[in-house]
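Everything below belongs to final33.cif, which stores mmCIF, C-alpha atoms.
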data_coords
loop_
_atom_site.label_atom_id
_atom_site.label_comp_id
_atom_site.auth_asym_id
_atom_site.auth_seq_id
_atom_site.Cartn_x
_atom_site.Cartn_y
_atom_site.Cartn_z
CA MET I 6 -74.04 -13.63 -135.83
CA LYS I 7 -72.80 -14.03 -132.27
CA ILE I 8 -75.05 -13.36 -129.28
CA VAL I 9 -73.59 -12.87 -125.80
CA ILE I 10 -75.56 -13.30 -122.55
CA PRO I 11 -74.36 -12.99 -118.93
CA VAL I 12 -75.39 -16.26 -117.25
CA ASP I 13 -75.32 -17.69 -113.72
CA GLU I 14 -74.48 -21.24 -114.84
CA LYS I 15 -72.83 -22.90 -117.81
CA THR I 16 -76.02 -24.25 -119.40
CA LEU I 17 -78.53 -22.95 -121.92
CA GLU I 18 -81.21 -23.39 -119.25
CA SER I 19 -79.35 -21.02 -116.90
CA LYS I 20 -80.99 -17.83 -115.74
CA VAL I 21 -79.66 -14.59 -117.14
CA CYS I 22 -77.33 -13.01 -114.55
CA VAL I 23 -78.66 -9.78 -113.03
CA SER I 24 -75.21 -8.20 -113.28
CA PHE I 25 -73.39 -7.67 -116.57
CA GLY I 26 -69.95 -6.70 -115.23
CA ARG I 27 -69.84 -9.22 -112.40
CA THR I 28 -71.59 -12.19 -114.00
CA PRO I 29 -69.63 -15.43 -113.44
CA TYR I 30 -69.94 -16.59 -117.09
CA PHE I 31 -70.84 -15.39 -120.53
CA LEU I 32 -72.69 -17.55 -123.01
CA ILE I 33 -71.61 -16.93 -126.60
CA TYR I 34 -74.19 -18.33 -129.00
CA ASP I 35 -73.59 -18.52 -132.72
CA VAL I 36 -76.92 -18.15 -134.54
CA GLU I 37 -75.63 -19.73 -137.79
CA THR I 38 -73.90 -22.81 -136.35
CA LYS I 39 -76.14 -22.99 -133.21
CA GLU I 40 -72.96 -23.55 -131.22
CA SER I 41 -72.79 -22.46 -127.55
CA ILE I 42 -69.57 -21.54 -125.80
CA PHE I 43 -69.34 -20.57 -122.13
CA ILE I 44 -66.46 -18.38 -121.01
CA ASP I 45 -65.44 -17.32 -117.49
CA ASN I 46 -65.83 -13.62 -116.83
CA SER I 47 -62.39 -12.57 -115.64
CA ALA I 48 -63.82 -9.13 -114.79
CA ALA I 49 -66.09 -10.56 -112.07
CA ALA I 50 -63.56 -10.14 -109.25
CA SER I 51 -62.23 -6.72 -110.36
CA THR I 52 -61.50 -4.06 -107.76
CA GLY I 53 -63.34 -1.62 -109.95
CA GLY I 54 -64.40 -1.03 -113.53
CA ALA I 55 -65.81 -4.55 -113.92
CA GLY I 56 -68.27 -3.36 -116.54
CA ILE I 57 -65.48 -1.85 -118.65
CA LYS I 58 -63.42 -5.04 -118.55
CA ALA I 59 -66.42 -7.28 -119.19
CA ALA I 60 -67.34 -5.14 -122.18
CA GLN I 61 -63.78 -5.44 -123.45
CA ILE I 62 -64.12 -9.25 -123.22
CA ILE I 63 -67.37 -9.13 -125.22
CA VAL I 64 -65.74 -7.01 -127.91
CA ASP I 65 -62.66 -9.26 -128.05
CA ASN I 66 -64.93 -12.25 -128.56
CA LYS I 67 -66.38 -10.49 -131.60
CA ALA I 68 -69.95 -10.40 -130.37
CA ASP I 69 -72.58 -8.74 -132.53
CA VAL I 70 -75.39 -8.65 -129.99
CA LEU I 71 -75.57 -8.47 -126.19
CA LEU I 72 -78.68 -9.58 -124.29
CA THR I 73 -78.64 -8.27 -120.70
CA PRO I 74 -81.17 -7.13 -118.08
CA ARG I 75 -79.23 -3.89 -117.55
CA LEU I 76 -75.92 -2.23 -118.32
CA GLY I 77 -73.79 0.48 -116.76
CA GLU I 78 -72.89 3.61 -118.67
CA ASN I 79 -69.15 2.85 -118.77
CA ALA I 80 -69.77 -0.56 -120.32
CA ALA I 81 -72.12 1.11 -122.79
CA GLU I 82 -69.31 3.55 -123.72
CA VAL I 83 -67.10 0.57 -124.59
CA LEU I 84 -69.76 -1.30 -126.59
CA LYS I 85 -70.95 1.72 -128.58
CA PRO I 86 -67.83 2.24 -130.73
CA ALA I 87 -67.67 -1.55 -131.23
CA GLU I 88 -71.17 -1.31 -132.73
CA ILE I 89 -72.57 -4.09 -130.55
CA LYS I 90 -76.36 -4.01 -130.39
CA ILE I 91 -77.79 -4.26 -126.89
CA TYR I 92 -81.18 -5.79 -126.10
CA LYS I 93 -83.02 -6.08 -122.80
CA THR I 94 -83.70 -9.60 -121.56
CA ILE I 95 -87.03 -10.96 -120.35
CA THR I 96 -87.71 -13.37 -117.47
CA GLY I 97 -86.67 -16.90 -118.39
CA SER I 98 -83.61 -18.91 -119.34
CA ALA I 99 -80.75 -17.95 -121.64
CA LYS I 100 -82.34 -20.20 -124.29
CA ASP I 101 -85.74 -18.47 -123.92
CA ASN I 102 -84.03 -15.15 -124.48
CA ILE I 103 -82.13 -16.36 -127.56
CA ASP I 104 -85.42 -17.58 -129.03
CA ALA I 105 -87.17 -14.33 -128.14
CA PHE I 106 -84.35 -12.34 -129.74
CA ILE I 107 -84.46 -14.40 -132.96
CA ASP I 108 -88.23 -13.88 -133.06
CA GLY I 109 -87.64 -10.13 -132.73
CA LYS I 110 -89.40 -9.94 -129.38
CA LEU I 111 -86.68 -8.28 -127.29
CA PRO I 112 -86.61 -4.48 -126.97
CA LEU I 113 -83.42 -2.49 -127.50
CA LEU I 114 -81.79 -1.45 -124.22
CA ASP I 115 -81.14 2.27 -124.36
CA GLU I 116 -81.13 3.33 -120.72
CA PHE I 117 -77.85 2.84 -118.91
CA HIS I 118 -77.41 3.18 -115.18
CA ALA I 119 -74.67 5.25 -113.56
CA GLY I 120 -73.13 2.23 -111.87
CA PHE I 121 -72.87 1.03 -108.31
CA HIS I 122 -69.44 2.35 -107.50
CA GLY I 123 -69.52 1.96 -103.77
CA HIS I 124 -71.38 5.23 -103.18
CA GLY I 125 -72.73 5.12 -99.64
CA GLY I 126 -71.98 1.41 -99.43
CA ASN I 127 -68.50 1.61 -98.01
CA MET T 26 -51.19 17.29 -81.14
CA ARG T 27 -53.56 15.85 -83.67
CA ILE T 28 -56.91 14.64 -82.41
CA ALA T 29 -59.12 12.81 -84.89
CA VAL T 30 -62.86 12.68 -84.27
CA LEU T 31 -64.63 9.79 -85.96
CA SER T 32 -67.71 7.60 -85.92
CA GLY T 33 -69.02 4.63 -87.81
CA LYS T 34 -71.99 6.49 -89.22
CA GLY T 35 -73.02 9.99 -90.18
CA GLY T 36 -75.14 12.15 -87.89
CA THR T 37 -73.58 10.83 -84.70
CA GLY T 38 -71.98 14.09 -83.68
CA LYS T 39 -68.44 14.24 -85.10
CA THR T 40 -68.83 17.81 -86.23
CA LEU T 41 -70.64 18.86 -83.02
CA VAL T 42 -67.77 17.43 -80.95
CA SER T 43 -64.85 18.59 -83.08
CA VAL T 44 -66.20 22.11 -83.68
CA ASN T 45 -66.99 22.66 -80.00
CA LEU T 46 -63.70 21.17 -78.81
CA ALA T 47 -61.82 23.50 -81.18
CA ALA T 48 -63.90 26.47 -79.99
CA ALA T 49 -63.28 25.53 -76.34
CA ALA T 50 -59.53 25.18 -77.03
CA LYS T 51 -59.50 28.77 -78.39
CA ALA T 52 -56.17 28.91 -80.28
CA SER T 53 -56.42 25.73 -82.33
CA THR T 54 -56.82 24.30 -85.81
CA TYR T 55 -59.93 22.62 -87.14
CA ILE T 56 -59.62 20.47 -90.27
CA ASP T 57 -62.76 19.22 -91.99
CA CYS T 58 -61.80 15.98 -93.76
CA ASP T 59 -65.40 15.05 -94.49
CA VAL T 60 -64.76 16.19 -98.05
CA GLU T 61 -67.94 14.74 -99.52
CA GLU T 62 -70.08 16.98 -97.35
CA PRO T 63 -67.97 19.32 -95.23
CA ASN T 64 -70.11 21.30 -92.79
CA GLY T 65 -67.75 22.56 -90.06
CA HIS T 66 -67.41 25.86 -91.93
CA LEU T 67 -71.13 26.48 -91.46
CA PHE T 68 -70.46 26.80 -87.72
CA PHE T 69 -67.17 28.68 -87.86
CA LYS T 70 -68.09 31.01 -90.74
CA PRO T 71 -64.38 31.56 -91.40
CA GLU T 72 -63.08 34.86 -92.75
CA GLY T 73 -60.25 35.68 -95.14
CA VAL T 74 -60.76 32.38 -96.92
CA GLN T 75 -58.03 31.30 -99.32
CA VAL T 76 -58.87 28.61 -101.87
CA GLU T 77 -56.52 26.17 -103.58
CA GLU T 78 -57.63 23.77 -106.31
CA ILE T 79 -56.58 20.15 -105.94
CA SER T 80 -55.92 18.04 -108.97
CA VAL T 81 -54.77 14.52 -109.70
CA LYS T 82 -52.81 13.19 -112.66
CA ILE T 83 -54.63 11.04 -115.15
CA PRO T 84 -53.39 9.56 -118.45
CA LYS T 85 -53.74 11.28 -121.82
CA VAL T 86 -53.42 9.21 -124.98
CA ASP T 87 -51.50 10.09 -128.13
CA HIS T 88 -53.39 7.93 -130.61
CA GLU T 89 -50.63 8.40 -133.21
CA LEU T 90 -48.10 6.72 -130.93
CA CYS T 91 -50.35 3.98 -129.50
CA ASN T 92 -49.72 0.67 -131.30
CA GLY T 93 -52.47 -1.26 -129.53
CA CYS T 94 -50.26 -3.54 -127.44
CA ARG T 95 -52.75 -3.25 -124.54
CA LYS T 96 -50.08 -3.41 -121.85
CA CYS T 97 -51.81 -0.50 -120.10
CA VAL T 98 -55.25 -2.17 -120.37
CA GLU T 99 -53.88 -5.34 -118.77
CA PHE T 100 -51.99 -3.43 -116.10
CA CYS T 101 -54.83 -1.30 -114.76
CA SER T 102 -56.38 -2.92 -111.65
CA PHE T 103 -59.34 -0.56 -111.87
CA ASN T 104 -60.04 -1.25 -115.59
CA ALA T 105 -59.90 2.43 -116.42
CA LEU T 106 -58.66 1.67 -119.93
CA ALA T 107 -60.23 -0.26 -122.82
CA TYR T 108 -58.98 -0.88 -126.36
CA ILE T 109 -61.84 -0.91 -128.81
CA LYS T 110 -61.72 -0.80 -132.61
CA ASN T 111 -58.02 0.10 -132.66
CA LYS T 112 -58.50 2.94 -130.24
CA LEU T 113 -57.55 3.29 -126.60
CA ILE T 114 -60.33 4.69 -124.37
CA VAL T 115 -59.56 6.18 -120.94
CA PHE T 116 -62.27 6.36 -118.27
CA ASP T 117 -61.22 9.42 -116.30
CA ASP T 118 -63.68 8.80 -113.46
CA VAL T 119 -62.49 5.23 -112.90
CA CYS T 120 -58.76 6.13 -112.89
CA HIS T 121 -57.12 6.11 -109.45
CA SER T 122 -54.10 8.14 -110.61
CA CYS T 123 -51.45 5.50 -109.91
CA GLY T 124 -49.51 6.40 -113.05
CA GLY T 125 -48.83 2.72 -113.83
CA CYS T 126 -50.18 2.80 -117.38
CA ILE T 127 -47.73 5.57 -118.26
CA LEU T 128 -44.84 3.51 -116.90
CA VAL T 129 -45.76 0.31 -118.75
CA CYS T 130 -46.42 1.94 -122.14
CA PRO T 131 -43.50 0.93 -124.39
CA GLU T 132 -44.41 3.54 -127.01
CA SER T 133 -44.60 6.56 -124.68
CA ALA T 134 -48.11 7.07 -126.00
CA LEU T 135 -49.43 7.98 -122.55
CA THR T 136 -48.60 11.20 -120.73
CA GLU T 137 -50.00 12.84 -117.59
CA LYS T 138 -52.60 15.52 -117.54
CA ALA T 139 -54.08 17.27 -114.52
CA LYS T 140 -57.71 16.83 -113.58
CA VAL T 141 -59.21 19.03 -110.87
CA ILE T 142 -61.13 16.95 -108.30
CA GLY T 143 -61.87 19.57 -105.65
CA LYS T 144 -60.34 22.24 -103.46
CA ILE T 145 -59.12 23.10 -100.00
CA LYS T 146 -60.03 26.30 -98.19
CA LYS T 147 -58.31 28.00 -95.29
CA GLY T 148 -59.85 30.72 -93.19
CA VAL T 149 -59.92 32.08 -89.66
CA SER T 150 -62.72 32.16 -87.11
CA GLY T 151 -61.72 33.97 -83.94
CA GLU T 152 -58.63 32.12 -82.77
CA VAL T 153 -59.44 28.95 -84.71
CA VAL T 154 -57.79 28.27 -88.07
CA VAL T 155 -60.39 26.49 -90.20
CA TRP T 156 -59.45 24.16 -93.07
CA THR T 157 -62.11 22.67 -95.31
CA GLY T 158 -61.71 20.03 -97.99
CA VAL T 159 -64.25 19.89 -100.80
CA LEU T 160 -64.48 16.99 -103.24
CA ASN T 161 -66.31 17.68 -106.49
CA THR T 162 -69.48 15.63 -106.93
CA GLY T 163 -68.95 12.41 -108.82
CA GLU T 164 -65.22 12.04 -108.16
CA ALA T 165 -64.00 8.59 -107.11
CA THR T 166 -62.02 9.47 -104.01
CA GLY T 167 -61.26 12.40 -101.73
CA ILE T 168 -57.98 10.95 -100.49
CA PRO T 169 -55.75 13.37 -102.46
CA ILE T 170 -57.68 16.26 -100.84
CA ILE T 171 -57.29 14.80 -97.34
CA LYS T 172 -53.57 14.25 -97.93
CA LYS T 173 -53.23 17.89 -98.91
CA LEU T 174 -55.25 19.08 -95.89
CA LEU T 175 -53.20 17.05 -93.43
CA ASN T 176 -49.85 17.91 -95.03
CA ALA T 177 -50.71 21.58 -95.05
CA ASP T 178 -48.68 24.01 -93.03
CA ASN T 179 -50.23 23.04 -89.71
CA PRO T 180 -48.80 23.92 -86.31
CA GLN T 181 -46.56 21.41 -84.60
CA GLY T 182 -46.04 20.74 -80.92
CA ASP T 183 -48.65 21.30 -78.26
CA GLN T 184 -51.18 23.30 -80.22
CA LEU T 185 -54.31 21.29 -80.78
CA ILE T 186 -55.45 20.20 -84.21
CA PHE T 187 -58.92 18.69 -84.48
CA ILE T 188 -59.56 16.46 -87.46
CA ASP T 189 -63.25 16.07 -88.29
CA CYS T 190 -63.27 12.73 -90.15
CA PRO T 191 -65.64 11.40 -92.79
CA PRO T 192 -68.14 8.81 -91.50
CA GLY T 193 -67.44 5.10 -91.74
CA SER T 194 -64.21 3.13 -91.59
CA ALA T 195 -63.10 3.01 -95.24
CA CYS T 196 -59.84 4.23 -96.87
CA ILE T 197 -60.86 7.87 -96.61
CA VAL T 198 -61.15 7.56 -92.80
CA MET T 199 -57.87 5.64 -92.56
CA GLU T 200 -56.15 8.48 -94.40
CA SER T 201 -57.70 10.99 -91.97
CA ILE T 202 -56.54 9.21 -88.79
CA LYS T 203 -53.19 7.92 -90.09
CA ASP T 204 -51.09 10.59 -88.38
CA ALA T 205 -53.40 11.34 -85.47
CA ASP T 206 -51.99 11.22 -81.93
CA TYR T 207 -55.37 10.34 -80.48
CA CYS T 208 -58.79 9.25 -81.72
CA VAL T 209 -62.11 10.35 -80.24
CA LEU T 210 -64.94 8.00 -81.21
CA VAL T 211 -68.40 9.51 -81.04
CA ALA T 212 -71.22 7.06 -80.31
CA GLU T 213 -75.00 7.05 -80.27
CA PRO T 214 -77.10 5.17 -77.71
CA THR T 215 -78.76 2.86 -80.25
CA LEU T 216 -78.07 -0.71 -81.42
CA PHE T 217 -77.27 0.64 -84.87
CA GLY T 218 -74.93 3.14 -83.19
CA VAL T 219 -73.17 0.32 -81.34
CA HIS T 220 -72.68 -1.63 -84.55
CA ASN T 221 -71.03 1.37 -86.16
CA LEU T 222 -69.01 2.13 -83.05
CA GLY T 223 -67.74 -1.46 -83.28
CA MET T 224 -66.46 -0.76 -86.80
CA VAL T 225 -64.42 2.30 -85.85
CA TYR T 226 -63.29 0.59 -82.65
CA GLU T 227 -61.76 -2.19 -84.77
CA LEU T 228 -60.21 0.40 -87.06
CA VAL T 229 -58.42 2.37 -84.33
CA LYS T 230 -57.21 -0.90 -82.77
CA LEU T 231 -55.87 -1.98 -86.15
CA PHE T 232 -54.03 1.34 -86.45
CA ASN T 233 -52.81 0.99 -82.89
CA LYS T 234 -54.12 4.45 -81.98
CA PRO T 235 -54.89 5.52 -78.43
CA PHE T 236 -58.59 6.33 -78.25
CA GLY T 237 -61.62 7.01 -76.08
CA VAL T 238 -65.35 7.33 -76.61
CA VAL T 239 -67.72 10.29 -76.29
CA LEU T 240 -71.28 9.17 -75.64
CA ASN T 241 -73.57 11.56 -77.48
CA LYS T 242 -77.36 11.98 -77.26
CA CYS T 243 -77.44 10.37 -73.82
CA LEU T 244 -80.92 9.65 -72.41
CA GLU T 245 -82.09 8.28 -69.10
CA GLY T 246 -81.94 4.51 -68.90
CA GLU T 247 -79.86 1.91 -70.67
CA ASN T 248 -77.23 3.07 -73.17
CA PRO T 249 -76.11 0.26 -75.50
CA ALA T 250 -73.01 2.24 -76.52
CA GLU T 251 -72.00 2.66 -72.89
CA LYS T 252 -72.52 -1.06 -72.31
CA PHE T 253 -70.25 -1.77 -75.28
CA CYS T 254 -67.53 0.47 -73.79
CA LEU T 255 -67.79 -1.17 -70.37
CA GLU T 256 -67.61 -4.66 -71.87
CA LYS T 257 -64.56 -3.80 -73.97
CA ASN T 258 -62.97 -1.75 -71.22
CA ILE T 259 -62.93 1.39 -73.39
CA LYS T 260 -62.24 4.77 -71.82
CA ILE T 261 -65.38 6.95 -71.76
CA LEU T 262 -64.18 10.53 -72.21
CA GLY T 263 -67.50 12.23 -71.63
CA ARG T 264 -71.24 12.29 -72.08
CA ILE T 265 -73.32 14.77 -74.06
CA PRO T 266 -76.99 14.79 -73.11
CA PHE T 267 -79.85 14.43 -75.57
CA ASP T 268 -80.83 18.03 -75.23
CA ASN T 269 -83.31 20.14 -77.18
CA GLU T 270 -81.44 23.37 -76.57
CA LEU T 271 -78.14 21.91 -77.79
CA GLY T 272 -79.89 20.39 -80.80
CA THR T 273 -81.51 23.71 -81.66
CA LEU T 274 -78.24 25.65 -81.37
CA ASN T 275 -76.51 23.05 -83.52
CA SER T 276 -79.16 22.98 -86.21
CA ASN T 277 -78.97 26.77 -86.38
CA ALA T 278 -75.24 26.38 -87.11
CA GLU T 279 -74.28 28.02 -83.81
CA ILE T 280 -71.26 26.90 -81.83
CA ALA T 281 -72.81 25.82 -78.53
CA VAL T 282 -69.66 26.67 -76.56
CA ASN T 283 -69.94 30.32 -77.60
CA LYS T 284 -73.65 30.57 -76.83
CA ASN T 285 -74.17 29.05 -73.44
CA GLU T 286 -71.95 28.77 -70.40
CA LYS T 287 -73.16 25.26 -69.53
CA TYR T 288 -72.01 23.94 -72.93
CA ARG T 289 -68.71 25.78 -72.57
CA GLU T 290 -68.23 23.91 -69.31
CA LEU T 291 -69.28 20.60 -70.85
CA PHE T 292 -66.87 20.83 -73.78
CA SER T 293 -64.05 22.44 -71.75
CA SER T 294 -64.23 19.53 -69.36
CA LEU T 295 -64.24 17.09 -72.30
CA LEU T 296 -61.29 18.94 -73.81
CA ASN T 297 -59.48 18.71 -70.51
CA THR T 298 -60.03 14.95 -70.34
CA VAL T 299 -58.96 14.47 -73.96
CA THR T 300 -55.77 16.53 -73.64
CA LYS T 301 -54.81 14.68 -70.46
CA GLU T 302 -55.33 11.39 -72.26
CA VAL T 303 -53.24 12.55 -75.22
CA GLN T 304 -50.44 13.79 -72.98
CA HIS T 305 -50.53 10.56 -71.02
CA GLU T 306 -50.31 8.57 -74.25
CA THR T 307 -47.51 10.66 -75.72
CA THR T 308 -45.41 10.32 -72.57
CA THR T 309 -46.04 6.60 -72.05
CA ASN T 310 -45.99 5.63 -75.76
CA PRO T 311 -43.89 8.32 -77.43
#
Show me, as structure tokens, the structure contained in the file I just sent.
Amino acid sequence: MKIVIPVDEKTLESKVCVSFGRTPYFLIYDVETKESIFIDNSAAASTGGAGIKAAQIIVDNKADVLLTPRLGENAAEVLKPAEIKIYKTITGSAKDNIDAFIDGKLPLLDEFHAGFHGHGGN
Amino acid sequence: MRIAVLSGKGGTGKTLVSVNLAAAAKASTYIDCDVEEPNGHLFFKPEGVQVEEISVKIPKVDHELCNGCRKCVEFCSFNALAYIKNKLIVFDDVCHSCGGCILVCPESALTEKAKVIGKIKKGVSGEVVVWTGVLNTGEATGIPIIKKLLNADNPQGDQLIFIDCPPGSACIVMESIKDADYCVLVAEPTLFGVHNLGMVYELVKLFNKPFGVVLNKCLEGENPAEKFCLEKNIKILGRIPFDNELGTLNSNAEIAVNKNEKYRELFSSLLNTVTKEVQHETTTNP
């Protein structure tokens, strides 16, 4: 089973990034082999639709589970048909969250925000 | 002659100025480009309103023809397309209608379909022709509506056209001032107002537009917006006082020019200054 987490830095001790679509990196953690891979998020600098592209990256990397503090509704639309389960992270490092997930302590994320598409900001 | 009225923030007095200038000009055209919240029509109460729906073209997928090559997904700068579980998904709200995905599809699996994003309305109020653009809530951009408003069958030559712009200095404002002959910047006497005046000042300079400033809500004492104009050597076209009576008329959706002789004089004099400036600009920089 592969777990994906948006992270600020390329270490297991990194904090979970507050943004899914514009996180700099994704950690892909394989629960069976305990192997960690960090990939750059090529969606981070997108003009728009970062969440959609980031979700596409997650799907292409064959993730089974996503751990994230929040998620936009467009990204959720992409992840739903790919049957990726989404859980809400807790305060702490990426590693803390992986452990919490394995222990069954993370809640399912089922509320998706409408995005921050520049309304009022520009 | 196209005169665009703009400001860096909302609530500064763009609509007050453009509506009253149009009313003072009598035979003129007023175009409300603030398509996210047009309010000029509340003052003019136009009659004989004709409505036209505005739509944009977005892609439609034929899943039978799509072979999953993802050329469209890779092409789209706005990430409006995703390919999940052997199926192409289009995000209508994210699409900017460039048509690129249709061009790059080698299988002709994408075709255009129309999506209504809003409407334009044309009516008449006395001698003023009133155009209003309305963008439906939730749509990404009102630019197609503004394009339609400004390309509409508007009078040429000397007759005055007042363009009431959206607030700010983003793409939607650029589209509104693109073909203007002159820009009127409305400013508030606050530090925040000066900051926002600075933004539109940079914009009109970038577009190389002749412009001047109207100082609105003027009080006794120091006016930071006036100071900004003096420092930058910007033409001050006129001053509108901070005035309870004017504020009351305006919040009751009355056109001040039509209600009180002193406001008719104020805006007629402003109109006079503006038209002289425009004529000066068009003869010196044709």
>> Neighbouring residues of stretch 6-18 of chain I were defined as those with any atom within 7 Å, considering only C-alpha atoms; residues of the same chain fewer than 2 positions away were excluded. Please report them as a ChimeraX atom specification.
In response: /I:20-22,25,28-37,43,68-73,98-100
Hits from the PyMOL selection byres ((chain T) within 10 of (chain I)), listed as a compact mmCIF listing (two decimals) with C-alpha atoms, in the coordinates of the input:
# COMPACT_ATOMS: atom_id res chain seq x y z
CA VAL T 98 -55.25 -2.17 -120.37
CA GLU T 99 -53.88 -5.34 -118.77
CA CYS T 101 -54.83 -1.30 -114.76
CA SER T 102 -56.38 -2.92 -111.65
CA PHE T 103 -59.34 -0.56 -111.87
CA ASN T 104 -60.04 -1.25 -115.59
CA ALA T 105 -59.90 2.43 -116.42
CA LEU T 106 -58.66 1.67 -119.93
CA ALA T 107 -60.23 -0.26 -122.82
CA TYR T 108 -58.98 -0.88 -126.36
CA ILE T 109 -61.84 -0.91 -128.81
CA LYS T 110 -61.72 -0.80 -132.61
CA ASN T 111 -58.02 0.10 -132.66
CA LYS T 112 -58.50 2.94 -130.24
CA ILE T 114 -60.33 4.69 -124.37
CA PHE T 116 -62.27 6.36 -118.27
CA ASP T 118 -63.68 8.80 -113.46
CA VAL T 119 -62.49 5.23 -112.90
CA CYS T 120 -58.76 6.13 -112.89
CA HIS T 121 -57.12 6.11 -109.45
CA GLY T 163 -68.95 12.41 -108.82
CA ALA T 165 -64.00 8.59 -107.11
CA PRO T 192 -68.14 8.81 -91.50
CA GLY T 193 -67.44 5.10 -91.74
CA SER T 194 -64.21 3.13 -91.59
CA ALA T 195 -63.10 3.01 -95.24
CA CYS T 196 -59.84 4.23 -96.87
CA ILE T 197 -60.86 7.87 -96.61
>> as a ChimeraX atom specification, please: the residues near T:Asp59 (cut-off 10 Å, all atoms listed in the file, same-chain neighbours under 2 positions excluded).
In response: /T:39-40,56-57,61-65,157-160,167,171,188-192,197-198,201
Can I get the selected residues back with C-alpha atoms, as a PDB file, keeping the file's coordinate frame?
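So the final result, stored in selection04.pdb, reads:
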ATOM      1  CA  LYS T  39     -68.440  14.240 -85.100  1.00  0.00           C
ATOM      2  CA  THR T  40     -68.830  17.810 -86.230  1.00  0.00           C
ATOM      3  CA  ILE T  56     -59.620  20.470 -90.270  1.00  0.00           C
ATOM      4  CA  ASP T  57     -62.760  19.220 -91.990  1.00  0.00           C
ATOM      5  CA  GLU T  61     -67.940  14.740 -99.520  1.00  0.00           C
ATOM      6  CA  GLU T  62     -70.080  16.980 -97.350  1.00  0.00           C
ATOM      7  CA  PRO T  63     -67.970  19.320 -95.230  1.00  0.00           C
ATOM      8  CA  ASN T  64     -70.110  21.300 -92.790  1.00  0.00           C
ATOM      9  CA  GLY T  65     -67.750  22.560 -90.060  1.00  0.00           C
ATOM     10  CA  THR T 157     -62.110  22.670 -95.310  1.00  0.00           C
ATOM     11  CA  GLY T 158     -61.710  20.030 -97.990  1.00  0.00           C
ATOM     12  CA  VAL T 159     -64.250  19.890-100.800  1.00  0.00           C
ATOM     13  CA  LEU T 160     -64.480  16.990-103.240  1.00  0.00           C
ATOM     14  CA  GLY T 167     -61.260  12.400-101.730  1.00  0.00           C
ATOM     15  CA  ILE T 171     -57.290  14.800 -97.340  1.00  0.00           C
ATOM     16  CA  ILE T 188     -59.560  16.460 -87.460  1.00  0.00           C
ATOM     17  CA  ASP T 189     -63.250  16.070 -88.290  1.00  0.00           C
ATOM     18  CA  CYS T 190     -63.270  12.730 -90.150  1.00  0.00           C
ATOM     19  CA  PRO T 191     -65.640  11.400 -92.790  1.00  0.00           C
ATOM     20  CA  PRO T 192     -68.140   8.810 -91.500  1.00  0.00           C
ATOM     21  CA  ILE T 197     -60.860   7.870 -96.610  1.00  0.00           C
ATOM     22  CA  VAL T 198     -61.150   7.560 -92.800  1.00  0.00           C
ATOM     23  CA  SER T 201     -57.700  10.990 -91.970  1.00  0.00           C
TER      24      SER T 201
END
> atom CA of T:Leu185 to atom CA of T:His220: how many Å, to one decimal?
Replying inline: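 Going from atom CA of T:Leu185 over to atom CA of T:His220, I get 29.6 Å.
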> So what do you get for atom CA of T:Glu302 versus atom CA of T:Tyr207, distance-wise?
Replying inline: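 Rounded to one decimal, the two atoms are 8.3 Å apart.
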Please give the centre and size of the box around stretch 93-99 of chain I (axis-aligned, containing every atom listed in the file, 3 Å added per side), with values in Å to one decimal and written as AutoDock Vina command-line options.
--center_x -84.2 --center_y -12.5 --center_z -120.1 --size_x 13.0 --size_y 18.8 --size_z 11.3
> Care to translate the PyMOL selection byres ((chain T and resi 140-144) around 9) into actual residues of this file, as JSON, numbers by chain?
Replying inline: {"T": [60, 76, 77, 78, 79, 80, 81, 82, 83, 117, 138, 139, 145, 146, 157, 158, 159, 160, 161, 162, 164, 165, 166, 167, 169, 170]}
> Taking (-49.9, 13.9, -89.3) in the file's coordinates as the center, which residues reach within 9 Å of it, counting only C-alpha atoms, put as a ChimeraX atom specification?
Replying inline: /T:26-27,175-176,201-206
> If you measure from atom CA of T:Ile127 to atom CA of T:Cys97, what distance in Å do you get, rounded to one decimal?
Replying inline: 7.5 Å
Any idea what's packed within 10 Å of T:Val42, counting all atoms listed in the file, ignoring anything in its chain fewer than 2 positions away? Could you give it as a short mmCIF file (atom, residue, chain, number, x, y, z; two decimals) with C-alpha atoms, keeping the file's coordinate frame?
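Generated output (part04.cif):
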data_model
loop_
_atom_site.label_atom_id
_atom_site.label_comp_id
_atom_site.auth_asym_id
_atom_site.auth_seq_id
_atom_site.Cartn_x
_atom_site.Cartn_y
_atom_site.Cartn_z
CA VAL T 30 -62.86 12.68 -84.27
CA LEU T 31 -64.63 9.79 -85.96
CA THR T 37 -73.58 10.83 -84.70
CA GLY T 38 -71.98 14.09 -83.68
CA LYS T 39 -68.44 14.24 -85.10
CA THR T 40 -68.83 17.81 -86.23
CA VAL T 44 -66.20 22.11 -83.68
CA ASN T 45 -66.99 22.66 -80.00
CA LEU T 46 -63.70 21.17 -78.81
CA ALA T 47 -61.82 23.50 -81.18
CA ALA T 48 -63.90 26.47 -79.99
CA PHE T 187 -58.92 18.69 -84.48
CA ASP T 189 -63.25 16.07 -88.29
CA VAL T 209 -62.11 10.35 -80.24
CA LEU T 210 -64.94 8.00 -81.21
CA VAL T 211 -68.40 9.51 -81.04
CA VAL T 239 -67.72 10.29 -76.29
CA ASN T 241 -73.57 11.56 -77.48
CA ILE T 265 -73.32 14.77 -74.06
CA PHE T 292 -66.87 20.83 -73.78
CA LEU T 295 -64.24 17.09 -72.30
CA LEU T 296 -61.29 18.94 -73.81
#
